[in-house]
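J.: Please find one structure pasted underneath; my questions will follow.
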Amino acid sequence: MAYKTIIGLEIHTELMTKTKMFCSCTNAFGGEANTHCCPVCLGLPGALPVINKVAIEYAIKSGIAFNCKINTHTRMDRKNYFYSDLVKGYQISQDDLPLCEGGYIEIESEEGTKKVHLERIHIEEDTGKQTHTTEGDTLIDYNRAGVPLIEIVTKPEMNTPEEARLFLENLRATLKYIEVSDCKMEEGSLRCDVNINIVDTETGNKTNITEIKNLNSFRGAVRAMEYEEKRHIELLQKGENTIKETRRWDEVKGETITMRTKGDVADYRYAADGDLAEIVIEDSRIEEIKNNLPELPHHKKERFISDYDLSEYDAGVLTASKELALFFEETIKYIDDSKLVSNWIMGDVLRRLKDEEIEIQDTKLTPKALGELINIVKDGKINNNTGKKVLKEIFDTGKEPETIIKEQGLVQISDEGALKEIVSKVLDENEQSIIDYKNGKDRAIGFLVGQIMKASKGKANPQMVNKMLIEMINER
Ligand SMILES: [Zn+2]
């Protein structure tokens, strides 16, 4: 039997404006509970919301970056429902007149480039944050209430959890490139809901759509989708179906859990927010924002391939984050060898970032230091392995490469006389290896080189050692 997975996503992204969507309270994350709020945030009687222009501009920017149509006449609506994190009893959102419609994001899936289309991007305000204590109390912090959000809704066009992951990564990279959101999932600035079901491609039988709410890591989202895929298929195979319901992902148990079953679509009784006037956007303003949009990830990737002669893979990795791309381009100002810089970044630098789970901008390594280090290695002043050691030291201390090399006496030994002495001593101590080599065991050379590097504390010039070693063995 063959099954096809159908995935649609709804992504909530907090916009990094200075102030909230409808008042002048700070949009800063954290702070003592309930200190970043005012009568507007809390919807107290008589409080009047005022639209944050910057939030609208950020939403337009996002719409343009994702190829949407921007509606020049749009409106805020009240979405009525009662929940304790929503003190007003309604959320200000958009219903039938969203700011952006249509659009798409391209992903590189296994079958090649695929366009995942968007339904819409609309603006809304965030709600408060609830914390459930072990004693059974619920604590509510309204600092987050009224923070501007955009909700990005896709068409159900992704067919594997991997495609959904690629989509989310592309979306996050773009939002960060255009500087509308920091996309910090651990701080809740990017959260996603997944809609998923399965079709039996032979019989056409479908499972009901399950919604998985509030996934706050890409890894969790992928695992939740994989779990649901399996659950839906198992039910179909038994001739059963899933119930139309909302579930949540339990990271510890590694499974999804029922939150609530869906009856009919909830009736939010949407109505235009009478306190807020219709939003009219001039075409010229949209054009201006479009013209000032920075280079987007896929454009940058294309440029890296053509300008720096990098492989598609390398260009993809280097442009996956704006900061890494900037770091690369800054480094080649100090050493005019893009391939070499790419190799260093793709190798030791990225490995270090991954091990420490940090981003390039949070390290002590600067483009200048990396550029100088690569130059020093290229000139043969230190060898490649020592270069790696120096890089590690820069990461730890932020010192200049020259300083580290001087302090630790790492300058490569390229003096023929000095090298000869070391090689000669190692050969004297390892006569068996010489016999082995002469009997055709080439591996013996590797061992001897290792001994020489050890004797020179890693400072011997490897090219010279290799050449000298063969010559000196043959002389014996
Ligand atoms: Zn406020």
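To be explicit about the labels: the chains of the structure tokens are called A, B, and onward in the order shown, and within each one the residues are counted from 1, while ligands get numbers from 1 in the order they are shown.
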Using only C-alpha atoms and all ligand atoms, determine which residues fall within 8 Å of ligand 1, then list them as a PyMOL selection string.
T.: chain A and resi 20+22-26+36-42+146
J.: Mind dumping the selected residues with N, CA and C atoms as a compact mmCIF listing (two decimals), in the first residue's frame?
T.:
```txt
# COMPACT_ATOMS: atom_id res chain seq x y z
N LYS A 20 4.87 47.65 21.57
CA LYS A 20 3.85 46.65 21.25
C LYS A 20 2.96 47.08 20.08
N PHE A 22 -0.28 47.85 19.85
CA PHE A 22 -1.30 48.91 19.97
C PHE A 22 -1.04 49.90 21.11
N CYS A 23 0.14 49.83 21.73
CA CYS A 23 0.44 50.78 22.81
C CYS A 23 1.94 51.02 22.85
N SER A 24 2.39 51.88 23.77
CA SER A 24 3.81 52.22 23.77
C SER A 24 4.61 51.39 24.78
N CYS A 25 4.00 50.30 25.30
CA CYS A 25 4.75 49.42 26.20
C CYS A 25 5.92 48.79 25.45
N THR A 26 6.99 48.49 26.19
CA THR A 26 8.16 47.89 25.55
C THR A 26 7.86 46.47 25.05
N HIS A 36 5.49 44.97 32.00
CA HIS A 36 5.45 45.58 30.67
C HIS A 36 4.01 45.65 30.19
N CYS A 37 3.14 46.19 30.99
CA CYS A 37 1.77 46.30 30.49
C CYS A 37 1.05 47.54 31.02
N CYS A 38 0.02 47.91 30.26
CA CYS A 38 -0.72 49.14 30.55
C CYS A 38 -2.20 48.86 30.31
N PRO A 39 -3.08 49.84 30.51
CA PRO A 39 -4.52 49.60 30.30
C PRO A 39 -4.86 49.07 28.89
N VAL A 40 -4.07 49.47 27.87
CA VAL A 40 -4.37 48.97 26.51
C VAL A 40 -4.05 47.48 26.43
N CYS A 41 -2.86 47.09 26.92
CA CYS A 41 -2.48 45.66 26.93
C CYS A 41 -3.55 44.83 27.63
N LEU A 42 -4.09 45.39 28.70
CA LEU A 42 -5.04 44.63 29.52
C LEU A 42 -6.49 44.85 29.09
N GLY A 146 -0.16 41.68 23.59
CA GLY A 146 -0.09 42.86 22.74
C GLY A 146 1.19 42.97 21.93
```
J.: Quick check for you: according to DSSP on this backbone, which residues of region 165-374 of chain A are classed as strand (DSSP E or B)? Reply as JSON, numbers by chain.
T.: {"A": [190, 191, 192, 193, 194, 195, 196, 197, 198, 199, 200, 206, 210, 211, 212, 213, 214, 215, 245, 246, 247, 248, 249, 250, 255, 256, 257, 258, 259, 260, 261, 271, 272, 279, 280]}
J.: Filtering to N, CA and C atoms, could you give me those residues as a JSON list (two decimals), in the first residue's frame?
T.:
```json
[["chain", "number", "residue", "atom", "x", "y", "z"],
["A", 190, "LEU", "N", 9.15, 32.41, 17.69],
["A", 190, "LEU", "CA", 8.72, 31.63, 16.52],
["A", 190, "LEU", "C", 8.09, 30.35, 17.04],
["A", 191, "ARG", "N", 6.80, 30.15, 16.70],
["A", 191, "ARG", "CA", 6.12, 28.95, 17.17],
["A", 191, "ARG", "C", 5.33, 28.40, 15.99],
["A", 192, "CYS", "N", 5.16, 27.11, 15.96],
["A", 192, "CYS", "CA", 4.42, 26.62, 14.81],
["A", 192, "CYS", "C", 3.39, 25.57, 15.16],
["A", 193, "ASP", "N", 2.28, 25.59, 14.42],
["A", 193, "ASP", "CA", 1.24, 24.58, 14.52],
["A", 193, "ASP", "C", 1.29, 23.76, 13.24],
["A", 194, "VAL", "N", 1.08, 22.46, 13.38],
["A", 194, "VAL", "CA", 1.14, 21.57, 12.21],
["A", 194, "VAL", "C", -0.24, 20.96, 11.97],
["A", 195, "ASN", "N", -0.68, 20.97, 10.72],
["A", 195, "ASN", "CA", -1.87, 20.21, 10.33],
["A", 195, "ASN", "C", -1.41, 19.05, 9.48],
["A", 196, "ILE", "N", -1.80, 17.85, 9.88],
["A", 196, "ILE", "CA", -1.27, 16.68, 9.16],
["A", 196, "ILE", "C", -2.34, 15.61, 8.98],
["A", 197, "ASN", "N", -2.36, 14.99, 7.81],
["A", 197, "ASN", "CA", -3.16, 13.78, 7.60],
["A", 197, "ASN", "C", -2.53, 12.93, 6.49],
["A", 198, "ILE", "N", -3.12, 11.76, 6.29],
["A", 198, "ILE", "CA", -2.54, 10.77, 5.37],
["A", 198, "ILE", "C", -3.60, 10.36, 4.35],
["A", 199, "VAL", "N", -3.17, 10.16, 3.10],
["A", 199, "VAL", "CA", -4.07, 9.64, 2.07],
["A", 199, "VAL", "C", -3.54, 8.29, 1.62],
["A", 200, "ASP", "N", -4.42, 7.31, 1.52],
["A", 200, "ASP", "CA", -4.06, 6.04, 0.89],
["A", 200, "ASP", "C", -4.19, 6.28, -0.61],
["A", 206, "LYS", "N", -8.78, 8.86, 3.30],
["A", 206, "LYS", "CA", -7.98, 9.86, 4.02],
["A", 206, "LYS", "C", -8.21, 9.75, 5.51],
["A", 210, "THR", "N", -5.18, 16.13, 11.87],
["A", 210, "THR", "CA", -4.83, 16.36, 13.26],
["A", 210, "THR", "C", -4.04, 17.66, 13.32],
["A", 211, "GLU", "N", -4.35, 18.46, 14.32],
["A", 211, "GLU", "CA", -3.57, 19.68, 14.50],
["A", 211, "GLU", "C", -2.65, 19.50, 15.70],
["A", 212, "ILE", "N", -1.35, 19.76, 15.50],
["A", 212, "ILE", "CA", -0.43, 19.70, 16.64],
["A", 212, "ILE", "C", -0.04, 21.14, 16.96],
["A", 213, "LYS", "N", -0.32, 21.54, 18.19],
["A", 213, "LYS", "CA", -0.20, 22.95, 18.59],
["A", 213, "LYS", "C", 1.15, 23.32, 19.18],
["A", 214, "ASN", "N", 1.55, 24.56, 18.94],
["A", 214, "ASN", "CA", 2.64, 25.20, 19.68],
["A", 214, "ASN", "C", 3.95, 24.45, 19.76],
["A", 215, "LEU", "N", 4.44, 24.04, 18.61],
["A", 215, "LEU", "CA", 5.74, 23.37, 18.60],
["A", 215, "LEU", "C", 6.81, 24.45, 18.71],
["A", 245, "GLU", "N", -8.88, 16.31, 15.74],
["A", 245, "GLU", "CA", -8.57, 16.78, 17.09],
["A", 245, "GLU", "C", -7.29, 17.62, 17.12],
["A", 246, "THR", "N", -7.11, 18.27, 18.25],
["A", 246, "THR", "CA", -5.90, 19.04, 18.48],
["A", 246, "THR", "C", -5.05, 18.27, 19.49],
["A", 247, "ARG", "N", -3.78, 18.10, 19.15],
["A", 247, "ARG", "CA", -2.90, 17.36, 20.05],
["A", 247, "ARG", "C", -1.69, 18.23, 20.39],
["A", 248, "ARG", "N", -0.96, 17.81, 21.42],
["A", 248, "ARG", "CA", 0.28, 18.52, 21.71],
["A", 248, "ARG", "C", 1.42, 17.51, 21.75],
["A", 249, "TRP", "N", 2.63, 18.00, 21.54],
["A", 249, "TRP", "CA", 3.81, 17.14, 21.49],
["A", 249, "TRP", "C", 4.44, 17.09, 22.88],
["A", 250, "ASP", "N", 4.63, 15.88, 23.39],
["A", 250, "ASP", "CA", 5.31, 15.70, 24.66],
["A", 250, "ASP", "C", 6.74, 15.28, 24.37],
["A", 255, "GLU", "N", 5.81, 11.51, 22.26],
["A", 255, "GLU", "CA", 4.52, 11.20, 21.62],
["A", 255, "GLU", "C", 3.59, 12.41, 21.64],
["A", 256, "THR", "N", 2.56, 12.36, 20.80],
["A", 256, "THR", "CA", 1.57, 13.43, 20.81],
["A", 256, "THR", "C", 0.42, 13.00, 21.72],
["A", 257, "ILE", "N", -0.19, 13.99, 22.35],
["A", 257, "ILE", "CA", -1.24, 13.71, 23.33],
["A", 257, "ILE", "C", -2.46, 14.57, 23.01],
["A", 258, "THR", "N", -3.64, 13.99, 23.14],
["A", 258, "THR", "CA", -4.88, 14.71, 22.86],
["A", 258, "THR", "C", -5.02, 15.94, 23.76],
["A", 259, "MET", "N", -5.32, 17.09, 23.16],
["A", 259, "MET", "CA", -5.63, 18.30, 23.94],
["A", 259, "MET", "C", -7.13, 18.50, 23.96],
["A", 260, "ARG", "N", -7.71, 18.53, 22.76],
["A", 260, "ARG", "CA", -9.16, 18.66, 22.68],
["A", 260, "ARG", "C", -9.63, 18.13, 21.32],
["A", 261, "THR", "N", -10.80, 17.54, 21.32],
["A", 261, "THR", "CA", -11.35, 17.08, 20.05],
["A", 261, "THR", "C", -12.15, 18.23, 19.45],
["A", 271, "ALA", "N", -15.44, 40.34, 14.24],
["A", 271, "ALA", "CA", -16.07, 41.60, 13.84],
["A", 271, "ALA", "C", -14.99, 42.67, 13.77],
["A", 272, "ALA", "N", -15.17, 43.61, 12.87],
["A", 272, "ALA", "CA", -14.19, 44.69, 12.73],
["A", 272, "ALA", "C", -13.97, 45.36, 14.08],
["A", 279, "ILE", "N", -6.88, 50.28, 7.59],
["A", 279, "ILE", "CA", -5.48, 50.61, 7.28],
["A", 279, "ILE", "C", -5.36, 50.74, 5.76],
["A", 280, "VAL", "N", -4.91, 51.90, 5.33],
["A", 280, "VAL", "CA", -4.72, 52.13, 3.89],
["A", 280, "VAL", "C", -3.23, 52.28, 3.61]]
```
J.: Between A:Tyr3, A:Phe328, A:Phe66, A:Tyr81, single out the one closest to Ala266 (chain A), counting only C-alpha atoms.
T.: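 Among the listed residues, the smallest separation from Ala266 (chain A) belongs to A:Tyr81.
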J.: Find the residues near Met185 (chain A): any atom within 9 Å, counting only C-alpha atoms, skip ones fewer than 6 places away on the same chain, and give them as a PyMOL selection string.
T.: chain A and resi 191+216-218
J.: Neighbouring residues of Ile107 (chain A) were defined as those with any atom within 12 Å, considering only C-alpha atoms; residues of the same chain fewer than 2 positions away were excluded. Please report them as a PyMOL selection string.
T.: chain A and resi 104-105+109-117+157-158+162-171+297-298+316
J.: Store the residues picked out above, limited to C-alpha atoms, as a CSV table (one decimal), in the first residue's frame.
T.:
```csv
chain,number,residue,atom,x,y,z
A,104,TYR,CA,5.3,31.0,-1.7
A,105,ILE,CA,8.6,29.8,-0.3
A,109,SER,CA,13.4,18.9,-1.7
A,110,GLU,CA,14.6,15.5,-2.8
A,111,GLU,CA,12.7,15.9,-6.1
A,112,GLY,CA,14.3,19.2,-6.8
A,113,THR,CA,13.0,22.8,-6.2
A,114,LYS,CA,9.5,22.9,-4.8
A,115,LYS,CA,7.2,25.9,-4.3
A,116,VAL,CA,5.2,25.7,-1.1
A,117,HIS,CA,2.4,28.2,-1.5
A,157,GLU,CA,1.6,21.2,0.2
A,158,MET,CA,4.4,19.6,2.1
A,162,GLU,CA,11.7,16.8,6.1
A,163,GLU,CA,10.1,19.1,3.6
A,164,ALA,CA,8.4,20.9,6.5
A,165,ARG,CA,11.7,21.3,8.2
A,166,LEU,CA,13.3,22.7,5.1
A,167,PHE,CA,10.4,25.1,4.8
A,168,LEU,CA,10.7,26.3,8.4
A,169,GLU,CA,14.5,26.8,8.0
A,170,ASN,CA,14.0,28.8,4.9
A,171,LEU,CA,11.3,30.9,6.5
A,297,PRO,CA,19.1,34.0,1.3
A,298,HIS,CA,18.5,32.3,-2.1
A,316,GLY,CA,23.9,26.9,0.9
```
J.: Could you give me, as a list in words, the residues within 6 Å of Met21 (chain A), counting only C-alpha atoms and dropping anything in the same chain fewer than 2 positions from it?
T.: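 Everything that qualifies: Asn52, Gly146, Val147 and Pro148 of chain A.
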J.: Region 161-247 of chain A: which residues are alpha helix (DSSP H) by DSSP, as a ChimeraX atom specification?
T.: /A:161-177,218-237
J.: Export N, CA, C and O atoms of the chosen residues as a compact mmCIF listing (two decimals), in the first residue's frame?
T.:
```txt
# COMPACT_ATOMS: atom_id res chain seq x y z
N PRO A 161 7.92 15.22 6.68
CA PRO A 161 8.39 16.08 7.76
C PRO A 161 9.67 16.81 7.36
O PRO A 161 9.89 17.96 7.76
N GLU A 162 10.50 16.17 6.54
CA GLU A 162 11.74 16.79 6.07
C GLU A 162 11.44 18.04 5.23
O GLU A 162 12.10 19.07 5.38
N GLU A 163 10.43 17.96 4.37
CA GLU A 163 10.05 19.14 3.58
C GLU A 163 9.58 20.26 4.50
O GLU A 163 9.89 21.43 4.28
N ALA A 164 8.84 19.89 5.53
CA ALA A 164 8.36 20.90 6.48
C ALA A 164 9.54 21.54 7.20
O ALA A 164 9.56 22.76 7.43
N ARG A 165 10.54 20.73 7.53
CA ARG A 165 11.73 21.27 8.21
C ARG A 165 12.46 22.25 7.29
O ARG A 165 12.86 23.34 7.71
N LEU A 166 12.63 21.86 6.02
CA LEU A 166 13.30 22.75 5.05
C LEU A 166 12.53 24.06 4.92
O LEU A 166 13.11 25.15 4.86
N PHE A 167 11.20 23.94 4.87
CA PHE A 167 10.35 25.13 4.76
C PHE A 167 10.59 26.05 5.96
O PHE A 167 10.81 27.25 5.80
N LEU A 168 10.56 25.46 7.16
CA LEU A 168 10.72 26.27 8.38
C LEU A 168 12.10 26.93 8.43
O LEU A 168 12.23 28.08 8.83
N GLU A 169 13.12 26.19 8.00
CA GLU A 169 14.47 26.77 8.03
C GLU A 169 14.59 27.93 7.06
O GLU A 169 15.20 28.95 7.37
N ASN A 170 14.00 27.75 5.89
CA ASN A 170 14.01 28.81 4.89
C ASN A 170 13.25 30.04 5.39
O ASN A 170 13.71 31.18 5.27
N LEU A 171 12.10 29.79 6.00
CA LEU A 171 11.28 30.86 6.54
C LEU A 171 12.03 31.63 7.62
O LEU A 171 12.09 32.86 7.62
N ARG A 172 12.64 30.87 8.55
CA ARG A 172 13.37 31.53 9.64
C ARG A 172 14.54 32.34 9.12
O ARG A 172 14.74 33.49 9.52
N ALA A 173 15.32 31.75 8.18
CA ALA A 173 16.47 32.46 7.64
C ALA A 173 16.03 33.77 6.99
O ALA A 173 16.63 34.82 7.21
N THR A 174 14.93 33.71 6.23
CA THR A 174 14.46 34.91 5.53
C THR A 174 14.00 35.98 6.52
O THR A 174 14.36 37.15 6.39
N LEU A 175 13.23 35.58 7.53
CA LEU A 175 12.75 36.56 8.51
C LEU A 175 13.93 37.22 9.23
O LEU A 175 13.88 38.41 9.56
N LYS A 176 14.99 36.45 9.47
CA LYS A 176 16.16 37.03 10.12
C LYS A 176 16.93 37.94 9.16
O LYS A 176 17.42 38.99 9.56
N TYR A 177 17.02 37.53 7.90
CA TYR A 177 17.71 38.36 6.89
C TYR A 177 17.05 39.74 6.78
O TYR A 177 17.72 40.74 6.68
N PHE A 218 12.34 23.07 15.94
CA PHE A 218 12.19 22.38 14.65
C PHE A 218 12.31 20.88 14.84
O PHE A 218 11.64 20.10 14.21
N ARG A 219 13.20 20.48 15.76
CA ARG A 219 13.43 19.07 16.00
C ARG A 219 12.16 18.43 16.56
O ARG A 219 11.73 17.38 16.12
N GLY A 220 11.53 19.13 17.52
CA GLY A 220 10.29 18.65 18.11
C GLY A 220 9.19 18.55 17.04
O GLY A 220 8.43 17.59 17.00
N ALA A 221 9.14 19.56 16.16
CA ALA A 221 8.13 19.58 15.11
C ALA A 221 8.29 18.37 14.19
O ALA A 221 7.32 17.67 13.88
N VAL A 222 9.53 18.09 13.79
CA VAL A 222 9.79 16.95 12.89
C VAL A 222 9.42 15.64 13.59
O VAL A 222 8.74 14.79 13.01
N ARG A 223 9.83 15.50 14.84
CA ARG A 223 9.52 14.26 15.57
C ARG A 223 8.01 14.07 15.72
O ARG A 223 7.49 12.98 15.57
N ALA A 224 7.31 15.17 16.02
CA ALA A 224 5.86 15.10 16.18
C ALA A 224 5.19 14.69 14.87
O ALA A 224 4.26 13.87 14.86
N MET A 225 5.68 15.23 13.75
CA MET A 225 5.09 14.87 12.44
C MET A 225 5.37 13.40 12.12
O MET A 225 4.49 12.69 11.63
N GLU A 226 6.59 12.95 12.42
CA GLU A 226 6.92 11.54 12.15
C GLU A 226 6.03 10.62 12.99
O GLU A 226 5.54 9.59 12.52
N TYR A 227 5.81 11.02 14.24
CA TYR A 227 4.96 10.23 15.14
C TYR A 227 3.53 10.15 14.59
O TYR A 227 2.92 9.09 14.54
N GLU A 228 3.03 11.30 14.16
CA GLU A 228 1.64 11.35 13.65
C GLU A 228 1.49 10.56 12.35
O GLU A 228 0.49 9.87 12.15
N GLU A 229 2.49 10.67 11.46
CA GLU A 229 2.47 9.92 10.20
C GLU A 229 2.24 8.44 10.50
O GLU A 229 1.37 7.80 9.93
N LYS A 230 3.03 7.94 11.44
CA LYS A 230 3.00 6.52 11.79
C LYS A 230 1.63 6.16 12.40
O LYS A 230 1.02 5.17 12.03
N ARG A 231 1.16 7.02 13.30
CA ARG A 231 -0.11 6.76 13.98
C ARG A 231 -1.26 6.72 12.98
O ARG A 231 -2.11 5.83 13.03
N HIS A 232 -1.27 7.69 12.05
CA HIS A 232 -2.35 7.74 11.06
C HIS A 232 -2.34 6.50 10.16
O HIS A 232 -3.38 5.92 9.88
N ILE A 233 -1.15 6.11 9.72
CA ILE A 233 -1.05 4.95 8.82
C ILE A 233 -1.51 3.68 9.54
O ILE A 233 -2.27 2.88 8.99
N GLU A 234 -1.09 3.54 10.79
CA GLU A 234 -1.50 2.34 11.55
C GLU A 234 -3.01 2.25 11.67
O GLU A 234 -3.60 1.17 11.52
N LEU A 235 -3.65 3.40 11.91
CA LEU A 235 -5.11 3.40 12.03
C LEU A 235 -5.76 3.05 10.69
O LEU A 235 -6.69 2.25 10.63
N LEU A 236 -5.23 3.63 9.61
CA LEU A 236 -5.79 3.33 8.28
C LEU A 236 -5.67 1.84 7.97
O LEU A 236 -6.58 1.22 7.43
N GLN A 237 -4.52 1.28 8.33
CA GLN A 237 -4.30 -0.15 8.06
C GLN A 237 -5.28 -1.04 8.82
O GLN A 237 -5.63 -2.11 8.37
```
J.: Name all residues at most 7 Å from region 407-422 of chain A (count only C-alpha atoms; drop same-chain ones fewer than 6 positions away) and give them as a list in words.
T.: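 The contact residues come out as Lys381, Ile382, Asn383, Ile452, Lys459, Ala460 and Asn461 of chain A.
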J.: Any idea what's packed within 9 Å of region 443-445 of chain A, counting only C-alpha atoms, ignoring anything in its chain fewer than 4 positions away? Could you give it as a PyMOL selection string?
T.: chain A and resi 433-434+436-437+449-450+466+469-470
J.: Write the residues you've just listed into a file as a CSV table (one decimal), in the first residue's frame, and include N, CA and C atoms for each of them.
T.:
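The result, written out as out29.csv:
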```csv
chain,number,residue,atom,x,y,z
A,433,SER,N,61.4,0.3,11.8
A,433,SER,CA,60.5,0.9,10.8
A,433,SER,C,61.3,1.1,9.5
A,434,ILE,N,62.6,1.3,9.6
A,434,ILE,CA,63.4,1.5,8.4
A,434,ILE,C,63.4,0.2,7.6
A,436,ASP,N,61.2,-2.2,7.9
A,436,ASP,CA,59.8,-2.5,7.4
A,436,ASP,C,59.6,-1.7,6.1
A,437,TYR,N,60.0,-0.5,6.1
A,437,TYR,CA,59.8,0.3,4.9
A,437,TYR,C,60.6,-0.3,3.7
A,449,VAL,N,56.7,9.7,10.4
A,449,VAL,CA,56.3,11.1,10.3
A,449,VAL,C,55.6,11.5,11.6
A,450,GLY,N,54.8,10.6,12.1
A,450,GLY,CA,54.1,10.9,13.4
A,450,GLY,C,55.1,11.1,14.5
A,466,ASN,N,58.4,15.0,4.9
A,466,ASN,CA,58.2,13.9,4.0
A,466,ASN,C,59.3,13.7,2.9
A,469,LEU,N,62.6,12.6,4.7
A,469,LEU,CA,62.6,11.3,5.4
A,469,LEU,C,63.0,10.2,4.4
A,470,ILE,N,62.3,10.2,3.2
A,470,ILE,CA,62.6,9.2,2.2
A,470,ILE,C,64.1,9.3,1.8
```
